[in-house]
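Raw input13.txt, compact mmCIF, C-alpha atoms and all ligand atoms:
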```txt
# COMPACT_ATOMS: atom_id res chain seq x y z
CA MET A 1 5.28 60.32 -65.21
CA SER A 2 2.94 58.40 -62.97
CA ALA A 3 -0.36 59.96 -61.83
CA ILE A 4 0.03 58.37 -58.40
CA GLN A 5 -0.61 60.65 -55.41
CA LYS A 6 0.88 60.75 -51.91
CA GLY A 7 -1.42 59.44 -49.21
CA ASP A 8 -0.93 59.30 -45.43
CA LEU A 9 2.50 59.32 -43.84
CA LEU A 10 3.39 55.70 -43.07
CA TYR A 11 6.74 56.23 -41.40
CA GLU A 12 9.28 58.98 -40.81
CA GLY A 13 12.92 57.98 -40.53
CA LYS A 14 16.06 60.02 -40.02
CA ALA A 15 16.65 60.76 -43.70
CA LYS A 16 13.35 59.89 -45.40
CA LYS A 17 9.59 59.92 -45.03
CA VAL A 18 7.50 57.10 -46.48
CA PHE A 19 3.95 57.77 -47.71
CA LEU A 20 1.15 55.39 -48.61
CA THR A 21 -0.43 55.64 -52.07
CA SER A 22 -3.76 54.52 -53.51
CA ASP A 23 -1.99 51.31 -54.56
CA PRO A 24 -1.38 49.07 -51.50
CA ASP A 25 1.73 47.58 -53.16
CA LEU A 26 3.42 50.95 -53.73
CA VAL A 27 4.77 53.66 -51.41
CA ILE A 28 6.56 56.95 -52.00
CA GLN A 29 9.84 57.69 -50.25
CA GLU A 30 10.62 61.37 -49.83
CA PHE A 31 14.26 62.28 -49.22
CA LYS A 32 14.89 64.91 -46.52
CA ASP A 33 17.87 67.22 -46.02
CA SER A 34 18.30 66.14 -42.41
CA ALA A 35 21.47 64.28 -41.58
CA THR A 36 22.24 62.23 -38.49
CA ALA A 37 25.21 60.23 -37.31
CA PHE A 38 26.22 58.08 -34.35
CA ASP A 39 22.74 56.58 -33.85
CA GLY A 40 21.01 59.90 -34.30
CA THR A 41 22.97 61.74 -31.62
CA LYS A 42 24.63 64.16 -34.11
CA LYS A 43 22.02 66.05 -36.12
CA ASP A 44 22.08 68.77 -38.77
CA THR A 45 20.83 69.72 -42.20
CA ILE A 46 22.82 69.33 -45.41
CA ALA A 47 21.41 71.70 -48.03
CA SER A 48 19.83 69.82 -50.96
CA LYS A 49 20.99 66.43 -49.64
CA GLY A 50 17.53 64.96 -50.26
CA ILE A 51 17.59 66.01 -53.91
CA VAL A 52 21.10 64.65 -54.40
CA ASN A 53 20.41 61.33 -52.66
CA ASN A 54 17.15 60.77 -54.54
CA SER A 55 18.89 61.30 -57.89
CA ILE A 56 21.92 59.17 -57.07
CA SER A 57 19.78 56.38 -55.59
CA CYS A 58 17.55 56.27 -58.68
CA ALA A 59 20.61 56.11 -60.93
CA MET A 60 22.11 53.30 -58.85
CA PHE A 61 18.88 51.25 -58.72
CA LYS A 62 18.51 51.64 -62.52
CA LEU A 63 22.09 50.51 -63.05
CA LEU A 64 21.56 47.48 -60.80
CA GLU A 65 18.23 46.59 -62.48
CA SER A 66 20.01 46.72 -65.86
CA LYS A 67 22.42 44.10 -64.51
CA GLY A 68 19.64 41.80 -63.25
CA ILE A 69 19.43 42.87 -59.57
CA LYS A 70 15.84 43.21 -58.32
CA THR A 71 15.20 46.51 -56.52
CA HIS A 72 12.18 48.33 -55.12
CA LEU A 73 12.47 51.22 -57.61
CA VAL A 74 9.39 51.92 -59.74
CA GLU A 75 10.24 55.45 -60.89
CA LYS A 76 11.62 58.82 -59.83
CA LEU A 77 8.59 61.08 -59.36
CA ASP A 78 10.33 64.43 -58.84
CA ASP A 79 13.35 66.02 -57.12
CA ARG A 80 12.75 64.48 -53.71
CA ASN A 81 10.28 61.66 -54.30
CA MET A 82 10.75 58.11 -55.48
CA LEU A 83 7.93 55.63 -56.14
CA VAL A 84 8.88 52.20 -54.81
CA LYS A 85 7.38 48.80 -54.13
CA ARG A 86 6.25 48.42 -50.53
CA LEU A 87 8.61 46.09 -48.67
CA ASP A 88 8.47 44.09 -45.50
CA ILE A 89 11.95 45.31 -44.62
CA MET A 90 14.44 42.95 -42.95
CA MET A 91 15.91 44.59 -39.86
CA VAL A 92 19.44 43.71 -41.00
CA GLU A 93 21.93 46.20 -42.41
CA VAL A 94 24.17 44.46 -44.95
CA ILE A 95 27.60 46.07 -45.26
CA ALA A 96 30.09 45.28 -48.03
CA ARG A 97 33.69 46.49 -47.67
CA ASN A 98 36.47 46.75 -50.27
CA ILE A 99 38.81 48.96 -48.25
CA ALA A 100 39.11 49.15 -44.46
CA ALA A 101 37.51 52.25 -42.90
CA GLY A 102 35.04 53.30 -40.22
CA SER A 103 33.90 50.73 -37.69
CA LEU A 104 36.20 48.04 -39.11
CA VAL A 105 39.18 50.16 -38.12
CA ARG A 106 37.63 51.06 -34.76
CA ARG A 107 36.45 47.56 -33.84
CA LEU A 108 39.16 45.30 -35.19
CA GLY A 109 42.29 47.37 -35.62
CA PHE A 110 42.49 47.28 -39.42
CA THR A 111 44.51 50.11 -40.94
CA GLU A 112 42.39 52.68 -42.77
CA GLY A 113 42.95 52.23 -46.50
CA GLN A 114 43.94 48.56 -46.27
CA ILE A 115 42.61 46.64 -49.32
CA LEU A 116 40.14 43.86 -48.50
CA ASP A 117 40.38 41.21 -51.21
CA PRO A 118 38.08 39.33 -51.25
CA PRO A 119 35.61 41.95 -49.97
CA ILE A 120 34.07 41.51 -46.52
CA VAL A 121 30.28 41.27 -46.08
CA GLU A 122 28.86 41.85 -42.59
CA PHE A 123 25.40 41.92 -41.01
CA PHE A 124 24.36 44.49 -38.40
CA LEU A 125 21.14 44.57 -36.40
CA LYS A 126 19.09 47.62 -37.42
CA ASP A 127 18.43 48.97 -33.94
CA ASP A 128 19.70 52.41 -32.87
CA ALA A 129 18.87 51.75 -29.20
CA LEU A 130 21.36 48.84 -29.27
CA HIS A 131 23.79 50.91 -31.44
CA ASP A 132 23.34 48.68 -34.53
CA PRO A 133 25.56 45.84 -33.27
CA LEU A 134 27.42 43.40 -35.54
CA ILE A 135 25.56 40.06 -35.68
CA ASN A 136 26.16 36.69 -37.33
CA ASP A 137 23.75 34.46 -39.26
CA GLN A 138 22.70 32.51 -36.17
CA HIS A 139 21.86 35.69 -34.25
CA ALA A 140 19.77 36.86 -37.22
CA VAL A 141 17.85 33.59 -37.46
CA HIS A 142 17.16 33.41 -33.70
CA LEU A 143 16.06 37.06 -33.72
CA LYS A 144 13.69 36.07 -36.57
CA LEU A 145 15.11 38.78 -38.82
CA ALA A 146 15.46 36.38 -41.75
CA SER A 147 15.79 32.68 -42.56
CA MET A 148 19.18 31.12 -43.30
CA ASP A 149 18.20 30.86 -46.99
CA GLU A 150 17.30 34.54 -47.06
CA LEU A 151 20.61 35.47 -45.40
CA ASN A 152 22.55 33.43 -47.94
CA HIS A 153 20.58 35.11 -50.73
CA ILE A 154 21.20 38.67 -49.53
CA ARG A 155 24.89 37.96 -48.89
CA THR A 156 25.26 36.68 -52.47
CA LYS A 157 23.35 39.69 -53.82
CA ALA A 158 25.52 42.07 -51.76
CA ARG A 159 28.64 40.59 -53.39
CA GLU A 160 27.13 40.91 -56.89
CA ILE A 161 26.00 44.47 -56.19
CA ASN A 162 29.46 45.31 -54.88
CA GLU A 163 31.12 44.16 -58.11
CA ILE A 164 28.70 46.19 -60.24
CA MET A 165 28.98 49.35 -58.10
CA LYS A 166 32.75 49.13 -57.63
CA GLU A 167 33.27 49.02 -61.40
CA TYR A 168 30.73 51.82 -62.00
CA PHE A 169 32.21 54.21 -59.41
CA LEU A 170 35.71 53.63 -60.78
CA THR A 171 34.48 55.03 -64.11
CA LEU A 172 33.57 58.17 -62.10
CA ASN A 173 37.08 58.26 -60.61
CA LEU A 174 35.71 57.17 -57.23
CA LYS A 175 36.83 54.27 -55.06
CA LEU A 176 33.88 52.44 -53.49
CA VAL A 177 35.32 51.87 -50.01
CA ASP A 178 32.21 50.33 -48.40
CA PHE A 179 28.43 50.67 -48.36
CA LYS A 180 25.24 49.61 -46.61
CA LEU A 181 22.26 47.83 -48.16
CA GLU A 182 18.79 46.98 -46.89
CA PHE A 183 16.60 44.26 -48.36
CA GLY A 184 12.90 43.47 -47.96
CA ARG A 185 10.21 41.04 -49.02
CA HIS A 186 7.58 41.89 -51.64
CA LYS A 187 5.10 39.35 -53.03
CA GLY A 188 7.37 36.39 -52.37
CA GLU A 189 10.54 38.04 -53.70
CA ILE A 190 13.48 39.67 -51.96
CA LEU A 191 14.16 43.15 -53.34
CA LEU A 192 16.91 45.66 -52.63
CA GLY A 193 15.35 48.62 -50.80
CA ASP A 194 16.19 51.88 -49.04
CA GLU A 195 18.75 54.10 -50.82
CA ILE A 196 22.27 54.07 -52.25
CA SER A 197 23.87 57.47 -51.80
CA PRO A 198 26.80 59.29 -50.18
CA ASP A 199 24.88 58.77 -46.89
CA THR A 200 25.23 55.01 -47.23
CA CYS A 201 28.49 54.59 -49.19
CA ARG A 202 32.07 55.66 -48.55
CA LEU A 203 33.49 57.13 -51.75
CA TRP A 204 37.08 58.36 -52.08
CA ASP A 205 38.39 60.34 -55.05
CA VAL A 206 40.86 58.16 -56.98
CA GLU A 207 43.34 61.00 -57.63
CA THR A 208 43.29 62.93 -54.37
CA GLY A 209 41.87 60.43 -51.86
CA LYS A 210 39.35 63.13 -50.80
CA LYS A 211 36.37 61.66 -48.94
CA LEU A 212 33.19 62.47 -50.88
CA ASP A 213 30.58 61.03 -48.52
CA LYS A 214 28.89 61.35 -45.13
CA ASP A 215 32.21 60.99 -43.27
CA ARG A 216 32.64 64.73 -44.04
CA PHE A 217 29.55 65.33 -41.86
CA ARG A 218 30.32 62.63 -39.26
CA PHE A 219 33.80 63.97 -38.55
CA ASP A 220 33.33 67.68 -39.37
CA LEU A 221 35.71 67.57 -42.36
CA GLY A 222 34.04 70.59 -44.02
CA ASP A 223 32.61 71.05 -47.55
CA VAL A 224 29.86 68.50 -46.90
CA GLU A 225 27.43 69.93 -49.48
CA GLY A 226 30.22 70.28 -52.03
CA ALA A 227 31.10 66.60 -51.66
CA TYR A 228 27.50 65.43 -52.21
CA GLN A 229 27.16 67.78 -55.23
CA GLU A 230 30.44 66.48 -56.67
CA VAL A 231 29.22 62.87 -56.56
CA LEU A 232 25.91 63.89 -58.19
CA LYS A 233 27.79 65.83 -60.90
CA ARG A 234 29.84 62.75 -61.78
CA VAL A 235 26.76 60.45 -61.78
CA VAL A 236 24.76 62.86 -63.97
CA GLY A 237 27.76 63.35 -66.28
CA LYS A 238 27.83 59.60 -66.82
CA GLU A 239 24.06 59.49 -67.55
CA GLY A 240 24.14 62.41 -69.97
P1 LIG B 1 30.74 51.58 -40.61
O1 LIG B 1 32.18 51.53 -41.03
O2 LIG B 1 30.44 52.73 -39.69
O3 LIG B 1 30.26 50.26 -40.07
O4 LIG B 1 29.89 51.88 -41.93
C1 LIG B 1 29.98 51.04 -43.04
C2 LIG B 1 29.18 51.64 -44.19
O5 LIG B 1 27.80 51.68 -43.89
C3 LIG B 1 29.55 53.07 -44.55
O6 LIG B 1 29.58 53.20 -45.97
C4 LIG B 1 28.48 53.92 -43.98
C5 LIG B 1 27.28 53.01 -43.98
N1 LIG B 1 26.42 53.21 -42.83
C6 LIG B 1 25.07 53.50 -43.03
O7 LIG B 1 24.62 53.63 -44.17
N2 LIG B 1 24.28 53.64 -41.93
C7 LIG B 1 24.73 53.51 -40.68
O8 LIG B 1 23.96 53.65 -39.73
C8 LIG B 1 26.12 53.20 -40.48
C9 LIG B 1 26.68 53.06 -39.09
C10 LIG B 1 26.91 53.05 -41.58
N1 LIG B 2 22.46 56.53 -39.96
C1 LIG B 2 23.16 56.57 -38.73
C2 LIG B 2 22.51 57.46 -37.68
O1 LIG B 2 21.90 58.42 -37.84
C3 LIG B 2 24.54 56.95 -38.72
C4 LIG B 2 25.55 56.92 -39.75
O2 LIG B 2 25.26 56.84 -40.94
O3 LIG B 2 26.70 57.08 -39.33
O4 LIG B 2 22.66 57.27 -36.57
```

Would you write the structure of this file as structure tokens?
Ligand code: TMP
Ligand code: ASP
Amino acid sequence: MSAIQKGDLLYEGKAKKVFLTSDPDLVIQEFKDSATAFDGTKKDTIASKGIVNNSISCAMFKLLESKGIKTHLVEKLDDRNMLVKRLDIMMVEVIARNIAAGSLVRRLGFTEGQILDPPIVEFFLKDDALHDPLINDQHAVHLKLASMDELNHIRTKAREINEIMKEYFLTLNLKLVDFKLEFGRHKGEILLGDEISPDTCRLWDVETGKKLDKDRFRFDLGDVEGAYQEVLKRVVGKEG
């Protein structure tokens, strides 16, 4: 366990707080139980969500690191806190989709459940005030979010990460429908940042099709805490 201590609050987001540490290259992200949807307009608390998402995210970053993907994870400090490398975060949300759901169905008329082979990768502008709109590479370059080389790099990484995560979740009897990634720059490298959890992934049970992710909160499907705990149980079962 690291002796590193939390310093001043650097930033508070909807699901996490980020704290400075005595090391300028490292920050601590603390996972909260607050949940929001629809650009922060729907708000509530999901009991123990922060603990679940911290554990699942650490497990996912470790898995990805073991397969050669560079992430910001340094170590899990305790239940709610993760020590990470400080990133200059790119204001682009990278979405990978294996099965049509969510905004793809709403925006483009895909049928929910339709298989997407090859998977689709999309970029969204990270800006709640503009409702996180879909953007293309040229928009991202002109908005100075990233260079074309960086965009190509993160798109390639998103595809690699998708293959690793899709295979992993299948071993937990979960279909990885889609997920969101955020990347950032650190000492000349691009690292995967943020979190990977039922807040940022759609996960459907292979046998029953039950949604075990934040859609239960978004659409008031009930048993929200149970779904998060179920995903954690399967991840921990795999580790142990
Ligand atoms: P979407 O279908 O609403 O575009 O969402 C695609 C994936 O991205 C889904 O797994 C949920 C995740 N997501 C986030 O992590 N944050 C967000 O703000 C949104 C809108 C989606
Ligand atoms: N993170 C988004 C928000 O709070 C929403 C979502 O995940 O649906 O607005």

task: Tell me, as a PyMOL selection string, which residues lie within 6 Å of Ala100 in chain A, counting all atoms listed in the file; anything in the same chain fewer than 4 positions away does not count.
output: chain A and resi 112-114

Give me the chain A side of the contact with ligand LIG 1 (chain B), cut-off 6 Å, one line per residue showing its nearest atom pair and distance in Å at one decimal, counting all atoms listed in the file, sorted by chain and residue number, as CSV.
```
residue,atom,partner,partner_atom,distance
A:Ile95,CA,B:LIG1,O5,5.8
A:Ala101,CA,B:LIG1,O1,5.7
A:Gly102,CA,B:LIG1,O1,3.5
A:Ser103,CA,B:LIG1,O1,3.8
A:Leu104,CA,B:LIG1,O1,5.7
A:Asp178,CA,B:LIG1,O6,4.6
A:Phe179,CA,B:LIG1,O6,3.7
A:Lys180,CA,B:LIG1,O5,4.3
A:Asp199,CA,B:LIG1,O7,5.8
A:Thr200,CA,B:LIG1,O7,3.4
A:Cys201,CA,B:LIG1,O6,3.7
A:Arg202,CA,B:LIG1,O6,4.3
```

Provide an axis-aligned box for all listed atoms of ligand LIG 2 (chain B), padding each side by 8 Å; report its centre and its edge lengths in Å to one decimal, as lines of an AutoDock Vina configuration file.
```
center_x = 24.3
center_y = 57.5
center_z = -38.8
size_x = 20.8
size_y = 17.9
size_z = 20.4
```

Sort by chain and increasing residue number a table of all residues of chain A within 12 Å of ligand LIG 2 (chain B), each with its closest pair of atoms and their distance in Å to one decimal, counting all atoms listed in the file, and write it as a tab-separated table.
```
residue	atom	partner	partner_atom	distance
A:Gly13	CA	B:LIG2	O1	9.4
A:Lys14	CA	B:LIG2	O1	6.4
A:Ala15	CA	B:LIG2	N1	8.1
A:Lys16	CA	B:LIG2	N1	11.1
A:Ser34	CA	B:LIG2	O1	9.7
A:Ala35	CA	B:LIG2	O1	7.0
A:Thr36	CA	B:LIG2	O1	3.9
A:Ala37	CA	B:LIG2	C3	3.6
A:Phe38	CA	B:LIG2	O4	4.3
A:Asp39	CA	B:LIG2	O4	2.8
A:Gly40	CA	B:LIG2	O4	3.8
A:Thr41	CA	B:LIG2	O4	6.7
A:Lys42	CA	B:LIG2	O1	7.4
A:Lys43	CA	B:LIG2	O1	7.8
A:Asp44	CA	B:LIG2	O1	10.4
A:Glu93	CA	B:LIG2	N1	10.6
A:Ile95	CA	B:LIG2	O2	11.8
A:Gly102	CA	B:LIG2	O3	9.2
A:Ser103	CA	B:LIG2	O3	9.7
A:Lys126	CA	B:LIG2	N1	9.9
A:Asp127	CA	B:LIG2	O4	9.7
A:Asp128	CA	B:LIG2	O4	6.8
A:Ala129	CA	B:LIG2	O4	10.0
A:Leu130	CA	B:LIG2	O4	11.2
A:His131	CA	B:LIG2	O4	8.2
A:Asp132	CA	B:LIG2	O4	8.9
A:Phe179	CA	B:LIG2	O2	10.2
A:Lys180	CA	B:LIG2	O2	9.2
A:Leu181	CA	B:LIG2	O2	11.9
A:Asp194	CA	B:LIG2	N1	12.0
A:Glu195	CA	B:LIG2	N1	11.7
A:Ser197	CA	B:LIG2	O2	11.0
A:Pro198	CA	B:LIG2	O2	9.7
A:Asp199	CA	B:LIG2	O2	6.3
A:Thr200	CA	B:LIG2	O2	6.6
A:Cys201	CA	B:LIG2	O2	9.1
A:Arg202	CA	B:LIG2	O2	10.3
A:Asp213	CA	B:LIG2	O2	10.2
A:Lys214	CA	B:LIG2	O2	7.1
A:Asp215	CA	B:LIG2	O3	7.8
A:Arg216	CA	B:LIG2	O3	10.8
A:Phe217	CA	B:LIG2	O3	9.1
A:Arg218	CA	B:LIG2	O3	6.6
A:Phe219	CA	B:LIG2	O3	9.9
```

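Remark: for Arg80 in chain A, the closest of the candidate residues A:Gln5, A:Ser57, A:Asn162, A:Gln229 is A:Ser57 (distances computed over all atoms listed in the file).
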
- prompt: Which polymer residues have any atom within 9 Å of an atom of Arg86 in chain A, counting all atoms listed in the file, with same-chain residues fewer than 6 positions away left out, as a list of chain:residue names?
  reply: A:Leu20, A:Pro24, A:Asp25, A:Leu26, A:Val27, A:Ile28, A:His72, A:Gly184, A:Arg185, A:His186

query: Using all atoms listed in the file, which of the listed residues (A:Phe61, A:Glu225, A:Glu122, A:Glu75) sits closest to Asn152 in chain A?
result: A:Glu122

Would you list the contacts of Phe183 in chain A as a short mmCIF file (atom, residue, chain, number, x, y, z; two decimals) with C-alpha atoms, keeping the file's coordinate frame, taking every protein, DNA or RNA residue within 10 Å and counting all atoms listed in the file, but skipping same-chain residues closer than 6 positions in sequence?
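out31.cif, freshly written:
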```cif
data_model
loop_
_atom_site.label_atom_id
_atom_site.label_comp_id
_atom_site.auth_asym_id
_atom_site.auth_seq_id
_atom_site.Cartn_x
_atom_site.Cartn_y
_atom_site.Cartn_z
CA THR A 71 15.20 46.51 -56.52
CA HIS A 72 12.18 48.33 -55.12
CA LEU A 87 8.61 46.09 -48.67
CA ASP A 88 8.47 44.09 -45.50
CA ILE A 89 11.95 45.31 -44.62
CA MET A 90 14.44 42.95 -42.95
CA MET A 91 15.91 44.59 -39.86
CA VAL A 92 19.44 43.71 -41.00
CA GLU A 93 21.93 46.20 -42.41
CA VAL A 94 24.17 44.46 -44.95
CA GLU A 150 17.30 34.54 -47.06
CA ILE A 154 21.20 38.67 -49.53
CA LYS A 157 23.35 39.69 -53.82
CA ALA A 158 25.52 42.07 -51.76
CA ILE A 190 13.48 39.67 -51.96
CA LEU A 191 14.16 43.15 -53.34
CA LEU A 192 16.91 45.66 -52.63
CA GLY A 193 15.35 48.62 -50.80
CA ASP A 194 16.19 51.88 -49.04
#
```

- prompt: How many Å lie between CA of Lys210 in chain A and CA of Glu163 in chain A, rounded to one decimal?
  reply: 21.9 Å

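Here CA of Gly7 in chain A is placed at a distance of 5.8 Å from CA of Phe19 in chain A.
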
- prompt: Between CA of Gly240 in chain A and CA of Gly226 in chain A, what is the spacing in Å?
  reply: 20.5 Å

With N, CA, C and O atoms as the goal, would you fill in the gaps in range 58-70 of chain A and present it as a PDB file, in the frame of the given file?
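Dumped everything to rebuild29.pdb:
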```pdb
ATOM      1  N   CYS A  58      18.276  56.722 -57.477  1.00  0.00           N
ATOM      2  CA  CYS A  58      17.550  56.270 -58.680  1.00  0.00           C
ATOM      3  C   CYS A  58      18.530  55.778 -59.728  1.00  0.00           C
ATOM      4  O   CYS A  58      18.314  54.721 -60.343  1.00  0.00           O
ATOM      5  N   ALA A  59      19.614  56.514 -59.929  1.00  0.00           N
ATOM      6  CA  ALA A  59      20.610  56.110 -60.930  1.00  0.00           C
ATOM      7  C   ALA A  59      21.222  54.756 -60.560  1.00  0.00           C
ATOM      8  O   ALA A  59      21.412  53.889 -61.421  1.00  0.00           O
ATOM      9  N   MET A  60      21.498  54.553 -59.278  1.00  0.00           N
ATOM     10  CA  MET A  60      22.110  53.300 -58.850  1.00  0.00           C
ATOM     11  C   MET A  60      21.133  52.120 -58.991  1.00  0.00           C
ATOM     12  O   MET A  60      21.506  51.046 -59.440  1.00  0.00           O
ATOM     13  N   PHE A  61      19.863  52.345 -58.586  1.00  0.00           N
ATOM     14  CA  PHE A  61      18.880  51.250 -58.720  1.00  0.00           C
ATOM     15  C   PHE A  61      18.681  50.895 -60.198  1.00  0.00           C
ATOM     16  O   PHE A  61      18.549  49.719 -60.548  1.00  0.00           O
ATOM     17  N   LYS A  62      18.672  51.919 -61.074  1.00  0.00           N
ATOM     18  CA  LYS A  62      18.510  51.640 -62.520  1.00  0.00           C
ATOM     19  C   LYS A  62      19.692  50.848 -63.043  1.00  0.00           C
ATOM     20  O   LYS A  62      19.523  49.904 -63.808  1.00  0.00           O
ATOM     21  N   LEU A  63      20.884  51.244 -62.625  1.00  0.00           N
ATOM     22  CA  LEU A  63      22.090  50.510 -63.050  1.00  0.00           C
ATOM     23  C   LEU A  63      21.981  49.051 -62.600  1.00  0.00           C
ATOM     24  O   LEU A  63      22.211  48.127 -63.386  1.00  0.00           O
ATOM     25  N   LEU A  64      21.622  48.846 -61.331  1.00  0.00           N
ATOM     26  CA  LEU A  64      21.560  47.480 -60.800  1.00  0.00           C
ATOM     27  C   LEU A  64      20.478  46.671 -61.510  1.00  0.00           C
ATOM     28  O   LEU A  64      20.698  45.509 -61.853  1.00  0.00           O
ATOM     29  N   GLU A  65      19.308  47.290 -61.748  1.00  0.00           N
ATOM     30  CA  GLU A  65      18.230  46.590 -62.480  1.00  0.00           C
ATOM     31  C   GLU A  65      18.732  46.166 -63.858  1.00  0.00           C
ATOM     32  O   GLU A  65      18.437  45.055 -64.316  1.00  0.00           O
ATOM     33  N   SER A  66      19.515  47.036 -64.502  1.00  0.00           N
ATOM     34  CA  SER A  66      20.010  46.720 -65.860  1.00  0.00           C
ATOM     35  C   SER A  66      20.963  45.529 -65.834  1.00  0.00           C
ATOM     36  O   SER A  66      21.210  44.904 -66.851  1.00  0.00           O
ATOM     37  N   LYS A  67      21.504  45.233 -64.649  1.00  0.00           N
ATOM     38  CA  LYS A  67      22.420  44.100 -64.510  1.00  0.00           C
ATOM     39  C   LYS A  67      21.724  42.899 -63.846  1.00  0.00           C
ATOM     40  O   LYS A  67      22.378  41.986 -63.354  1.00  0.00           O
ATOM     41  N   GLY A  68      20.394  42.959 -63.729  1.00  0.00           N
ATOM     42  CA  GLY A  68      19.640  41.800 -63.250  1.00  0.00           C
ATOM     43  C   GLY A  68      19.396  41.750 -61.747  1.00  0.00           C
ATOM     44  O   GLY A  68      18.924  40.742 -61.233  1.00  0.00           O
ATOM     45  N   ILE A  69      19.704  42.836 -61.026  1.00  0.00           N
ATOM     46  CA  ILE A  69      19.430  42.870 -59.570  1.00  0.00           C
ATOM     47  C   ILE A  69      18.019  43.433 -59.363  1.00  0.00           C
ATOM     48  O   ILE A  69      17.683  44.491 -59.925  1.00  0.00           O
ATOM     49  N   LYS A  70      17.221  42.744 -58.548  1.00  0.00           N
ATOM     50  CA  LYS A  70      15.840  43.210 -58.320  1.00  0.00           C
ATOM     51  C   LYS A  70      15.816  44.251 -57.206  1.00  0.00           C
ATOM     52  O   LYS A  70      16.282  43.974 -56.097  1.00  0.00           O
TER      53      LYS A  70
END
```
